[in-house]
>>> print(open('protein.tsv').read())   # TSV, C-alpha atoms and all ligand atoms
chain	number	residue	atom	x	y	z
H	1	MET	CA	0.00	0.00	0.00
H	2	SER	CA	1.31	3.45	-0.86
H	3	GLU	CA	2.15	6.05	1.76
H	4	ALA	CA	-0.79	8.23	0.70
H	5	GLN	CA	-3.24	5.38	1.06
H	6	THR	CA	-1.91	4.40	4.47
H	7	GLU	CA	-2.27	7.96	5.65
H	8	LYS	CA	-5.95	8.04	4.79
H	9	ARG	CA	-6.78	5.10	7.00
H	10	LYS	CA	-8.54	6.14	10.14
H	11	ARG	CA	-6.74	5.60	13.39
H	12	ILE	CA	-8.18	3.56	16.20
H	13	LEU	CA	-7.00	3.45	19.78
H	14	SER	CA	-8.35	1.23	22.48
H	15	GLY	CA	-7.22	0.09	25.87
H	16	ILE	CA	-7.81	-2.74	28.28
H	17	GLN	CA	-6.73	-3.01	31.89
H	18	PRO	CA	-4.51	-5.89	33.01
H	19	THR	CA	-6.65	-6.57	36.06
H	20	GLY	CA	-7.40	-10.24	35.63
H	21	THR	CA	-8.08	-12.66	32.82
H	22	PRO	CA	-10.57	-11.23	30.34
H	23	THR	CA	-13.99	-12.83	30.37
H	24	LEU	CA	-16.04	-14.12	27.50
H	25	GLY	CA	-17.82	-10.75	27.74
H	26	ASN	CA	-14.54	-8.88	27.19
H	27	TYR	CA	-13.76	-11.20	24.30
H	28	VAL	CA	-17.08	-10.86	22.51
H	29	GLY	CA	-17.62	-7.20	23.33
H	30	ALA	CA	-14.12	-5.92	22.68
H	31	VAL	CA	-11.02	-8.00	22.20
H	32	ARG	CA	-12.37	-10.25	19.46
H	33	ASN	CA	-13.18	-7.19	17.38
H	34	TRP	CA	-9.73	-5.72	17.75
H	35	ALA	CA	-8.21	-8.29	15.43
H	36	LEU	CA	-11.01	-7.68	12.92
H	37	LEU	CA	-10.42	-3.92	12.84
H	38	GLN	CA	-6.81	-4.22	11.72
H	39	LYS	CA	-7.96	-4.82	8.15
H	40	ASP	CA	-9.51	-1.41	7.77
H	41	TYR	CA	-7.84	0.83	10.30
H	42	ASP	CA	-4.50	1.79	11.76
H	43	CYS	CA	-4.85	0.40	15.23
H	44	LEU	CA	-3.08	1.09	18.47
H	45	TYR	CA	-3.91	-1.32	21.26
H	46	MET	CA	-2.82	-0.47	24.74
H	47	ILE	CA	-2.60	-2.38	27.99
H	48	ALA	CA	-3.71	0.24	30.52
H	49	ASP	CA	-1.49	-0.70	33.45
H	50	LEU	CA	-1.47	2.84	34.88
H	51	HIS	CA	-5.25	2.85	35.00
H	52	ALA	CA	-5.13	-0.43	36.89
H	53	LEU	CA	-3.25	1.31	39.71
H	54	THR	CA	-6.33	3.33	40.65
H	55	VAL	CA	-7.31	0.20	42.55
H	56	ARG	CA	-4.73	-1.44	44.84
H	57	GLN	CA	-2.88	-4.21	42.98
H	58	VAL	CA	-0.55	-6.97	44.09
H	59	PRO	CA	2.66	-5.84	42.31
H	60	ALA	CA	3.82	-9.31	41.20
H	61	ASP	CA	0.34	-10.13	39.90
H	62	LEU	CA	0.07	-6.90	37.95
H	63	ARG	CA	3.44	-7.53	36.31
H	64	ARG	CA	2.56	-11.12	35.38
H	65	ARG	CA	-0.89	-10.20	34.13
H	66	THR	CA	0.45	-7.46	31.92
H	67	ARG	CA	2.60	-9.94	30.03
H	68	GLU	CA	-0.20	-12.52	30.01
H	69	LEU	CA	-2.62	-10.03	28.56
H	70	ALA	CA	-0.15	-9.14	25.82
H	71	ALA	CA	0.17	-12.85	24.95
H	72	LEU	CA	-3.60	-13.25	24.99
H	73	LEU	CA	-4.13	-10.28	22.68
H	74	LEU	CA	-1.57	-11.71	20.28
H	75	ALA	CA	-3.34	-15.07	20.49
H	76	THR	CA	-6.60	-13.49	19.32
H	77	GLY	CA	-4.88	-12.62	16.07
H	78	ILE	CA	-3.73	-9.05	16.62
H	79	ASP	CA	-0.81	-8.56	14.28
H	80	PRO	CA	1.89	-6.61	16.12
H	81	VAL	CA	3.47	-5.43	12.88
H	82	LYS	CA	0.32	-4.04	11.29
H	83	ASN	CA	-0.82	-2.58	14.61
H	84	VAL	CA	0.94	-1.07	17.56
H	85	LEU	CA	0.56	-3.18	20.69
H	86	PHE	CA	2.02	-1.56	23.77
H	87	VAL	CA	1.88	-1.06	27.51
H	88	GLN	CA	0.73	2.35	28.73
H	89	SER	CA	3.52	2.86	31.29
H	90	HIS	CA	6.13	2.15	28.59
H	91	VAL	CA	5.14	5.41	26.90
H	92	PRO	CA	5.82	8.13	29.51
H	93	ALA	CA	4.37	10.79	27.22
H	94	HIS	CA	0.85	9.75	28.28
H	95	CYS	CA	1.54	11.04	31.79
H	96	GLU	CA	3.14	14.21	30.44
H	97	LEU	CA	0.08	15.03	28.36
H	98	SER	CA	-2.21	13.98	31.16
H	99	TRP	CA	-0.88	16.80	33.37
H	100	ILE	CA	-1.47	19.43	30.72
H	101	LEU	CA	-4.97	18.11	30.11
H	102	ALA	CA	-5.68	18.02	33.85
H	103	CYS	CA	-4.93	21.74	33.93
H	104	ASN	CA	-7.60	22.12	31.26
H	105	THR	CA	-10.26	20.02	32.94
H	106	GLN	CA	-12.65	21.25	35.59
H	107	PHE	CA	-13.11	19.71	39.01
H	108	GLY	CA	-16.85	19.81	38.36
H	109	GLU	CA	-16.53	17.81	35.15
H	110	LEU	CA	-14.58	15.07	36.88
H	111	SER	CA	-17.00	15.06	39.81
H	112	ARG	CA	-19.83	14.22	37.44
H	113	MET	CA	-18.24	11.01	36.12
H	114	THR	CA	-20.56	8.18	37.08
H	115	GLN	CA	-17.75	5.63	37.16
H	116	PHE	CA	-15.92	7.74	39.73
H	117	LYS	CA	-19.05	7.94	41.83
H	118	ASP	CA	-19.65	4.18	41.53
H	119	LYS	CA	-16.05	3.21	42.24
H	120	SER	CA	-15.70	5.54	45.20
H	121	ALA	CA	-18.87	4.10	46.67
H	122	LYS	CA	-17.48	0.60	46.15
H	123	HIS	CA	-14.03	1.32	47.64
H	124	PRO	CA	-14.72	4.05	50.23
H	125	ASP	CA	-11.38	3.27	51.88
H	126	ASN	CA	-9.38	4.18	48.77
H	127	VAL	CA	-10.89	7.15	46.97
H	128	ASN	CA	-7.54	8.27	45.63
H	129	GLY	CA	-6.59	11.14	43.34
H	130	GLY	CA	-5.85	8.74	40.51
H	131	LEU	CA	-9.40	7.42	40.59
H	132	PHE	CA	-10.60	10.99	40.24
H	133	THR	CA	-8.26	11.94	37.39
H	134	TYR	CA	-8.55	8.58	35.64
H	135	PRO	CA	-10.62	10.09	32.78
H	136	VAL	CA	-7.95	12.72	32.15
H	137	LEU	CA	-5.31	10.03	31.66
H	138	MET	CA	-7.73	8.22	29.39
H	139	ALA	CA	-8.23	11.43	27.39
H	140	ALA	CA	-4.45	11.68	27.08
H	141	ASP	CA	-4.27	8.06	25.85
H	142	ILE	CA	-6.68	8.92	23.07
H	143	LEU	CA	-5.70	12.47	22.15
H	144	ILE	CA	-1.97	11.83	22.14
H	145	TYR	CA	-2.41	9.67	19.00
H	146	ASN	CA	-5.08	11.85	17.44
H	147	ALA	CA	-7.27	8.77	17.31
H	148	ASP	CA	-10.33	9.13	15.09
H	149	LEU	CA	-12.22	6.24	16.59
H	150	VAL	CA	-12.27	4.63	20.01
H	151	PRO	CA	-14.05	1.32	20.52
H	152	VAL	CA	-15.41	1.47	24.04
H	153	GLY	CA	-18.13	-0.23	26.02
H	154	GLN	CA	-21.13	1.56	27.43
H	155	ASP	CA	-19.34	2.14	30.75
H	156	GLN	CA	-16.68	4.25	29.03
H	157	THR	CA	-18.81	6.49	26.80
H	158	GLN	CA	-18.93	9.26	29.38
H	159	HIS	CA	-15.13	9.24	29.55
H	160	LEU	CA	-14.91	9.44	25.79
H	161	GLU	CA	-17.33	12.37	25.79
H	162	LEU	CA	-15.09	14.10	28.32
H	163	ALA	CA	-12.06	13.48	26.08
H	164	ARG	CA	-13.93	15.18	23.24
H	165	ASN	CA	-14.80	18.13	25.45
H	166	ILE	CA	-11.23	18.52	26.67
H	167	ALA	CA	-9.95	18.34	23.09
H	168	GLY	CA	-12.50	20.86	21.85
H	169	ARG	CA	-11.74	23.28	24.64
H	170	PHE	CA	-7.97	22.97	24.20
H	171	ASN	CA	-8.34	23.56	20.45
H	172	GLY	CA	-10.45	26.62	21.16
H	173	VAL	CA	-7.88	28.16	23.48
H	174	TYR	CA	-4.62	27.13	21.82
H	175	GLY	CA	-5.57	26.55	18.19
H	176	ASP	CA	-6.27	23.35	16.36
H	177	THR	CA	-4.25	20.62	18.06
H	178	PHE	CA	-6.29	17.49	18.72
H	179	THR	CA	-8.57	15.33	16.61
H	180	LEU	CA	-11.99	14.98	18.22
H	181	PRO	CA	-12.38	11.24	18.79
H	182	GLU	CA	-15.57	9.38	18.14
H	183	GLY	CA	-16.90	6.24	19.73
H	184	TYR	CA	-16.87	3.14	17.63
H	185	VAL	CA	-19.48	0.45	18.06
H	186	PRO	CA	-18.30	-2.63	16.19
H	187	ALA	CA	-20.92	-4.21	13.93
H	188	ALA	CA	-20.32	-7.62	15.43
H	189	GLY	CA	-20.16	-6.40	19.03
H	190	ALA	CA	-22.45	-7.71	21.68
H	191	LYS	CA	-22.71	-7.11	25.38
H	192	LEU	CA	-22.79	-10.31	27.39
H	193	MET	CA	-24.62	-10.53	30.65
H	194	SER	CA	-23.80	-12.39	33.87
H	195	LEU	CA	-24.71	-16.08	33.77
H	196	ALA	CA	-26.01	-15.85	37.34
H	197	GLU	CA	-27.86	-12.53	37.17
H	198	PRO	CA	-28.55	-11.96	33.48
H	199	THR	CA	-29.76	-8.39	33.95
H	200	LYS	CA	-26.23	-7.42	35.04
H	201	LYS	CA	-23.21	-7.13	32.75
H	202	MET	CA	-20.78	-10.09	32.80
H	203	SER	CA	-17.87	-8.89	34.92
H	204	LYS	CA	-14.61	-10.47	36.05
H	205	SER	CA	-14.87	-8.64	39.36
H	206	ASP	CA	-18.13	-10.42	40.20
H	207	THR	CA	-17.78	-12.37	43.45
H	208	ASN	CA	-19.87	-15.21	42.02
H	209	LEU	CA	-17.32	-17.20	40.04
H	210	ASN	CA	-20.05	-18.98	38.09
H	211	SER	CA	-21.36	-15.72	36.69
H	212	PHE	CA	-18.63	-15.41	34.07
H	213	VAL	CA	-16.59	-17.55	31.70
H	214	LEU	CA	-12.92	-16.66	31.42
H	215	MET	CA	-11.10	-16.68	28.11
H	216	THR	CA	-8.75	-19.26	29.56
H	217	ASP	CA	-11.40	-21.61	31.01
H	218	ASP	CA	-11.13	-25.19	29.76
H	219	LYS	CA	-14.00	-27.02	28.17
H	220	ASP	CA	-15.15	-28.83	31.34
H	221	THR	CA	-15.28	-25.56	33.24
H	222	ILE	CA	-17.17	-23.88	30.42
H	223	VAL	CA	-19.72	-26.71	30.30
H	224	ARG	CA	-20.14	-26.62	34.07
H	225	LYS	CA	-20.67	-22.84	34.12
H	226	PHE	CA	-23.21	-22.89	31.30
H	227	LYS	CA	-25.09	-25.76	32.89
H	228	ARG	CA	-25.56	-23.59	35.97
H	229	ALA	CA	-26.55	-20.50	34.00
H	230	VAL	CA	-29.78	-18.95	35.22
H	231	THR	CA	-32.65	-19.26	32.73
H	232	ASP	CA	-36.37	-19.30	33.45
H	233	SER	CA	-39.16	-21.78	33.91
H	234	ASP	CA	-40.99	-21.60	30.62
H	235	GLY	CA	-38.65	-24.00	28.87
H	236	GLN	CA	-38.64	-22.28	25.47
H	237	VAL	CA	-35.59	-21.11	23.62
H	238	ARG	CA	-36.92	-17.74	22.50
H	239	PHE	CA	-35.24	-14.33	22.27
H	240	ASP	CA	-36.85	-11.84	24.62
H	241	ARG	CA	-34.35	-9.72	26.52
H	242	GLU	CA	-36.90	-8.25	28.83
H	243	ASN	CA	-38.79	-11.33	29.95
H	244	LYS	CA	-36.17	-14.00	29.27
H	245	PRO	CA	-32.82	-12.30	29.95
H	246	GLY	CA	-30.96	-15.53	30.78
H	247	VAL	CA	-32.04	-17.45	27.68
H	248	SER	CA	-31.55	-14.35	25.49
H	249	ASN	CA	-28.00	-13.96	26.78
H	250	LEU	CA	-27.20	-17.59	25.98
H	251	MET	CA	-28.73	-17.14	22.55
H	252	THR	CA	-26.55	-14.09	21.97
H	253	ILE	CA	-23.45	-16.12	22.83
H	254	TYR	CA	-24.54	-18.99	20.60
H	255	SER	CA	-25.29	-16.58	17.77
H	256	VAL	CA	-21.88	-14.89	18.07
H	257	PHE	CA	-20.00	-18.18	17.78
H	258	THR	CA	-22.16	-19.99	15.22
H	259	GLY	CA	-23.22	-17.02	13.10
H	260	LYS	CA	-26.82	-18.21	13.36
H	261	THR	CA	-29.69	-15.75	13.65
H	262	MET	CA	-32.06	-15.76	16.61
H	263	GLU	CA	-34.80	-17.26	14.40
H	264	GLU	CA	-32.50	-20.08	13.34
H	265	ILE	CA	-31.58	-20.76	16.94
H	266	GLU	CA	-35.23	-20.79	18.02
H	267	ALA	CA	-36.00	-23.29	15.25
H	268	GLU	CA	-33.00	-25.46	16.11
H	269	PHE	CA	-34.06	-25.85	19.73
H	270	ALA	CA	-37.84	-25.86	19.33
H	271	GLY	CA	-39.29	-28.60	21.51
H	272	ARG	CA	-35.92	-29.38	23.11
H	273	GLY	CA	-35.05	-28.64	26.72
H	274	TYR	CA	-32.66	-26.05	28.12
H	275	GLY	CA	-30.20	-28.86	28.92
H	276	ASP	CA	-29.49	-29.53	25.23
H	277	PHE	CA	-29.38	-25.85	24.48
H	278	LYS	CA	-26.92	-25.04	27.26
H	279	LEU	CA	-24.64	-27.83	26.17
H	280	ALA	CA	-24.69	-26.55	22.59
H	281	VAL	CA	-23.82	-23.03	23.79
H	282	ALA	CA	-20.98	-24.42	25.91
H	283	GLU	CA	-19.59	-26.42	23.00
H	284	ALA	CA	-19.76	-23.53	20.55
H	285	THR	CA	-17.96	-21.36	23.11
H	286	ALA	CA	-15.27	-23.93	23.85
H	287	ASP	CA	-14.73	-24.54	20.11
H	288	ALA	CA	-14.15	-20.83	19.63
H	289	LEU	CA	-11.87	-20.41	22.63
H	290	VAL	CA	-9.69	-23.52	22.31
H	291	PRO	CA	-7.66	-22.28	19.30
H	292	VAL	CA	-7.05	-18.96	21.07
H	293	GLN	CA	-6.00	-20.79	24.24
H	294	THR	CA	-3.59	-23.03	22.33
H	295	GLU	CA	-2.00	-19.99	20.72
H	296	TYR	CA	-1.91	-18.24	24.08
H	297	ASP	CA	0.04	-21.08	25.72
H	298	ARG	CA	2.45	-21.21	22.82
H	299	ILE	CA	3.07	-17.45	22.79
H	300	LEU	CA	3.30	-17.06	26.56
H	301	ALA	CA	5.94	-19.79	26.71
H	302	ASP	CA	8.18	-17.46	24.70
H	303	LYS	CA	8.57	-14.57	27.10
H	304	ASP	CA	11.35	-13.03	25.04
H	305	TYR	CA	9.07	-12.85	22.04
H	306	VAL	CA	6.25	-11.18	23.99
H	307	ASP	CA	8.69	-8.68	25.47
H	308	SER	CA	10.20	-7.92	22.09
H	309	VAL	CA	6.73	-7.16	20.71
H	310	LEU	CA	6.09	-4.81	23.62
H	311	ARG	CA	9.47	-3.14	23.23
H	312	ASP	CA	8.81	-2.50	19.57
H	313	GLY	CA	5.29	-1.29	20.34
H	314	ALA	CA	6.57	1.12	22.99
H	315	GLU	CA	9.09	2.59	20.56
H	316	ARG	CA	6.59	3.09	17.78
H	317	ALA	CA	3.94	4.48	20.10
H	318	SER	CA	6.47	6.81	21.77
H	319	ARG	CA	7.51	8.27	18.47
H	320	LEU	CA	3.92	9.31	17.73
H	321	ALA	CA	3.15	10.36	21.29
H	322	ASN	CA	6.30	12.46	21.78
H	323	ARG	CA	5.48	14.48	18.72
H	324	THR	CA	2.10	15.44	20.19
H	325	VAL	CA	3.56	16.31	23.57
H	326	SER	CA	6.19	18.53	21.99
H	327	LYS	CA	3.54	20.37	20.04
H	328	VAL	CA	1.33	20.76	23.11
H	329	TYR	CA	4.21	21.95	25.31
H	330	ARG	CA	5.01	24.58	22.71
H	331	LYS	CA	1.39	25.70	22.45
H	332	VAL	CA	0.90	26.12	26.18
H	333	GLY	CA	4.14	28.08	26.52
H	334	LEU	CA	6.58	25.67	28.12
H	335	LEU	CA	10.15	26.64	27.26
H	336	GLN	CA	11.74	24.09	25.00
H	337	LEU	CA	15.48	24.05	24.49
H	338	ASP	CA	17.06	23.41	21.12
H	339	ARG	CA	18.47	19.93	20.75
H	340	HIS	CA	22.20	19.88	20.08
O	1	LIG	N1	-10.64	2.87	30.97
O	1	LIG	C1	-10.73	1.78	30.05
O	1	LIG	C2	-11.44	0.58	30.71
O	1	LIG	O1	-11.35	0.40	31.89
O	1	LIG	C3	-9.39	1.33	29.55
O	1	LIG	C4	-8.73	2.44	28.83
O	1	LIG	C5	-7.69	3.21	29.28
O	1	LIG	C6	-9.08	2.92	27.55
O	1	LIG	N2	-7.37	4.12	28.34
O	1	LIG	C7	-8.20	3.97	27.27
O	1	LIG	C8	-10.04	2.54	26.60
O	1	LIG	C9	-8.26	4.69	26.08
O	1	LIG	C10	-10.12	3.27	25.42
O	1	LIG	C11	-9.24	4.33	25.17
O	1	LIG	O2	-12.07	-0.18	30.02
>>> encode(input="protein.tsv", output="structure tokens", more="lines below")
Ligand code: TRP
Amino acid sequence: MSEAQTEKRKRILSGIQPTGTPTLGNYVGAVRNWALLQKDYDCLYMIADLHALTVRQVPADLRRRTRELAALLLATGIDPVKNVLFVQSHVPAHCELSWILACNTQFGELSRMTQFKDKSAKHPDNVNGGLFTYPVLMAADILIYNADLVPVGQDQTQHLELARNIAGRFNGVYGDTFTLPEGYVPAAGAKLMSLAEPTKKMSKSDTNLNSFVLMTDDKDTIVRKFKRAVTDSDGQVRFDRENKPGVSNLMTIYSVFTGKTMEEIEAEFAGRGYGDFKLAVAEATADALVPVQTEYDRILADKDYVDSVLRDGAERASRLANRTVSKVYRKVGLLQLDRH
């Protein structure tokens, strides 16, 4: 592809925190789409380790999980040459920009973030400054690359909106500097619900371990978890999110992995019990995850390879990010010395 053509491709940035093994919900709703986007976009994929520190982490676990997550992302088919795969803390420019953006963000704006309110209610013993300024760092992650599109889940749309507002305001004061990012909802995306309480989102922080499937769960575990999934008593495989949230969630999962429509699924299981249906969902899920898990084990066994990908990613990301920071520092009036 020629230089001109490459330049026209829109740029995508997304991030995921290394706070535990991603669930099936993370896979279907986000990670699985990342590998699909590389065909049409210039993608930067970031492991948001600095964001993870807003909640207390066990240092050794955080370090291990960061590398594991990199291996897992590679295993899903993200090409580290076509895309930039990197760890947030390996690109110090994010923190540099974050400070400048913080000075252009109002206390009131940050106070209105619903995630901040939720998280501070959940961890009243650790309402730290980082939790409060988390959306500013996220804005820096996005704006530093002039990302056009940001695939985010529902829980992050308010943060993305804030990033747009910060960018717009900065541009207004200092002249055109940042691209205003837009949210990107992948065509094939779907939000998965908890297997135990299907009106709640599937979450890895759920205390009920049967409420989620992990990307690394083996087939027996997957079958066991789906067998226990909450359904309803009417015994019909029919899509109705409101009245049959459990069955509808399982149908969504089955549809994602088999490509079948809801009508086809209803026909396939007409007159059959939930037992058959749950087993079919479990098998379709395991069939989809096993190849990723095999790749994951293979890649993770080669630590040097994973680290070399991250080193390369950090260098390429830094080159782009440093350019933005330099420009921003100049615009806001920080003295820059000539390089000799
Ligand atoms: N805050 C996001 C989450 O918890 C992760 C994240 C950090 C992110 N920086 C980002 C996502 C930039 C998109 C863009 O899910």
>>> closest_residue(input="protein.tsv", among="H:Val91, H:Leu337, H:Ala314, H:Ile253", to="H:Val28", atoms="all atoms listed in the file")
H:Ile253
>>> axis_aligned_box(input="protein.tsv", around="ligand LIG 1 (chain O)", padding_each_side="4 Å", output="lines of an AutoDock Vina configuration file")
center_x = -9.7
center_y = 2.3
center_z = 28.5
size_x = 12.7
size_y = 12.9
size_z = 14.7
>>> closest_residue(input="protein.tsv", among="H:Glu283, H:Asp49, H:Asp176, H:Glu263", to="H:Met138", atoms="all atoms listed in the file")
H:Asp49
>>> atom_distance(input="protein.tsv", atom1="atom CA of H:Gln158", atom2="atom CA of H:Arg319")
28.6 Å
>>> atom_distance(input="protein.tsv", atom1="atom CA of H:Val290", atom2="atom CA of H:Met251")
20.1 Å
>>> residues_near_ligand(input="protein.tsv", ligand="ligand LIG 1 (chain O)", cutoff="10 Å", atoms="all atoms listed in the file", output="ChimeraX atom specification")
/H:12-19,26,30,44-52,88,94,115,134-143,147,149-157,159-160,163,181,183
>>> atom_distance(input="protein.tsv", atom1="atom CA of H:Leu250", atom2="atom CA of H:Ile222")
12.6 Å
>>> residues_around(input="protein.tsv", residues="H:Val81", least_positions_apart="2", cutoff="10 Å", atoms="all atoms listed in the file", output="number ranges by chain")
H: 78-79, 83-85, 309, 312-313
>>> closest_residue(input="protein.tsv", among="H:Val328, H:Val223, H:Ala190, H:Ile100", to="H:Phe178", atoms="only C-alpha atoms")
H:Val328
>>> residues_around(input="protein.tsv", residues="stretch 230-240 of chain H", least_positions_apart="5", cutoff="12 Å", atoms="all atoms listed in the file", output="ChimeraX atom specification")
/H:193-199,210-212,225,245-255,261-278,281
>>> closest_residue(input="protein.tsv", among="H:Arg9, H:Leu72, H:Cys95, H:Thr54", to="H:Val306", atoms="all atoms listed in the file")
H:Leu72
>>> closest_residue(input="protein.tsv", among="H:Val185, H:Leu335, H:Ala121, H:Ala288", to="H:Trp34", atoms="only C-alpha atoms")
H:Val185
>>> closest_residue(input="protein.tsv", among="H:Asp307, H:Thr21, H:Arg56, H:Thr324", to="H:Asn128", atoms="only C-alpha atoms")
H:Arg56
>>> residues_around(input="protein.tsv", residues="H:Leu73", least_positions_apart="4", cutoff="9 Å", atoms="only C-alpha atoms", output="VMD selection string")
chain H and resid 31 to 32 34 to 35 68 to 69 77 to 78 85 296
>>> residues_around(input="protein.tsv", residues="H:Pro22", least_positions_apart="5", cutoff="7 Å", atoms="only C-alpha atoms", output="JSON, numbers by chain")
{"H": [27, 214, 215]}
>>> decode(input="protein.tsv", residues="stretch 175-189 of chain H", atoms="N, CA, C and O atoms", output="tab-separated table (two decimals), in the first residue's frame")
chain	number	residue	atom	x	y	z
H	175	GLY	N	-5.62	26.82	19.64
H	175	GLY	CA	-5.57	26.55	18.19
H	175	GLY	C	-5.63	25.06	17.95
H	175	GLY	O	-5.36	24.25	18.84
H	176	ASP	N	-6.00	24.74	16.72
H	176	ASP	CA	-6.27	23.35	16.36
H	176	ASP	C	-5.09	22.43	16.71
H	176	ASP	O	-4.00	22.61	16.19
H	177	THR	N	-5.32	21.51	17.60
H	177	THR	CA	-4.25	20.62	18.06
H	177	THR	C	-4.69	19.16	18.01
H	177	THR	O	-3.98	18.30	17.49
H	178	PHE	N	-5.86	18.89	18.57
H	178	PHE	CA	-6.29	17.49	18.72
H	178	PHE	C	-7.44	17.13	17.78
H	178	PHE	O	-8.32	17.96	17.53
H	179	THR	N	-7.43	15.89	17.33
H	179	THR	CA	-8.57	15.33	16.61
H	179	THR	C	-9.66	15.02	17.63
H	179	THR	O	-9.36	14.48	18.70
H	180	LEU	N	-10.90	15.35	17.32
H	180	LEU	CA	-11.99	14.98	18.22
H	180	LEU	C	-12.35	13.51	17.98
H	180	LEU	O	-12.79	13.16	16.90
H	181	PRO	N	-12.15	12.67	18.99
H	181	PRO	CA	-12.38	11.24	18.79
H	181	PRO	C	-13.86	10.89	18.83
H	181	PRO	O	-14.64	11.56	19.51
H	182	GLU	N	-14.19	9.87	18.09
H	182	GLU	CA	-15.57	9.38	18.14
H	182	GLU	C	-15.62	7.96	18.66
H	182	GLU	O	-14.65	7.21	18.51
H	183	GLY	N	-16.73	7.60	19.25
H	183	GLY	CA	-16.90	6.24	19.73
H	183	GLY	C	-17.11	5.31	18.54
H	183	GLY	O	-17.58	5.73	17.49
H	184	TYR	N	-16.70	4.11	18.70
H	184	TYR	CA	-16.87	3.14	17.63
H	184	TYR	C	-17.58	1.92	18.19
H	184	TYR	O	-17.09	1.27	19.12
H	185	VAL	N	-18.74	1.63	17.64
H	185	VAL	CA	-19.48	0.45	18.06
H	185	VAL	C	-19.31	-0.59	16.97
H	185	VAL	O	-19.82	-0.42	15.87
H	186	PRO	N	-18.55	-1.64	17.24
H	186	PRO	CA	-18.30	-2.63	16.19
H	186	PRO	C	-19.59	-3.32	15.77
H	186	PRO	O	-20.46	-3.58	16.61
H	187	ALA	N	-19.71	-3.59	14.46
H	187	ALA	CA	-20.92	-4.21	13.93
H	187	ALA	C	-21.20	-5.54	14.61
H	187	ALA	O	-22.34	-5.88	14.91
H	188	ALA	N	-20.13	-6.28	14.88
H	188	ALA	CA	-20.32	-7.62	15.43
H	188	ALA	C	-20.30	-7.64	16.96
H	188	ALA	O	-20.30	-8.68	17.58
H	189	GLY	N	-20.28	-6.47	17.57
H	189	GLY	CA	-20.16	-6.40	19.03
H	189	GLY	C	-21.43	-6.82	19.73
H	189	GLY	O	-22.52	-6.71	19.19
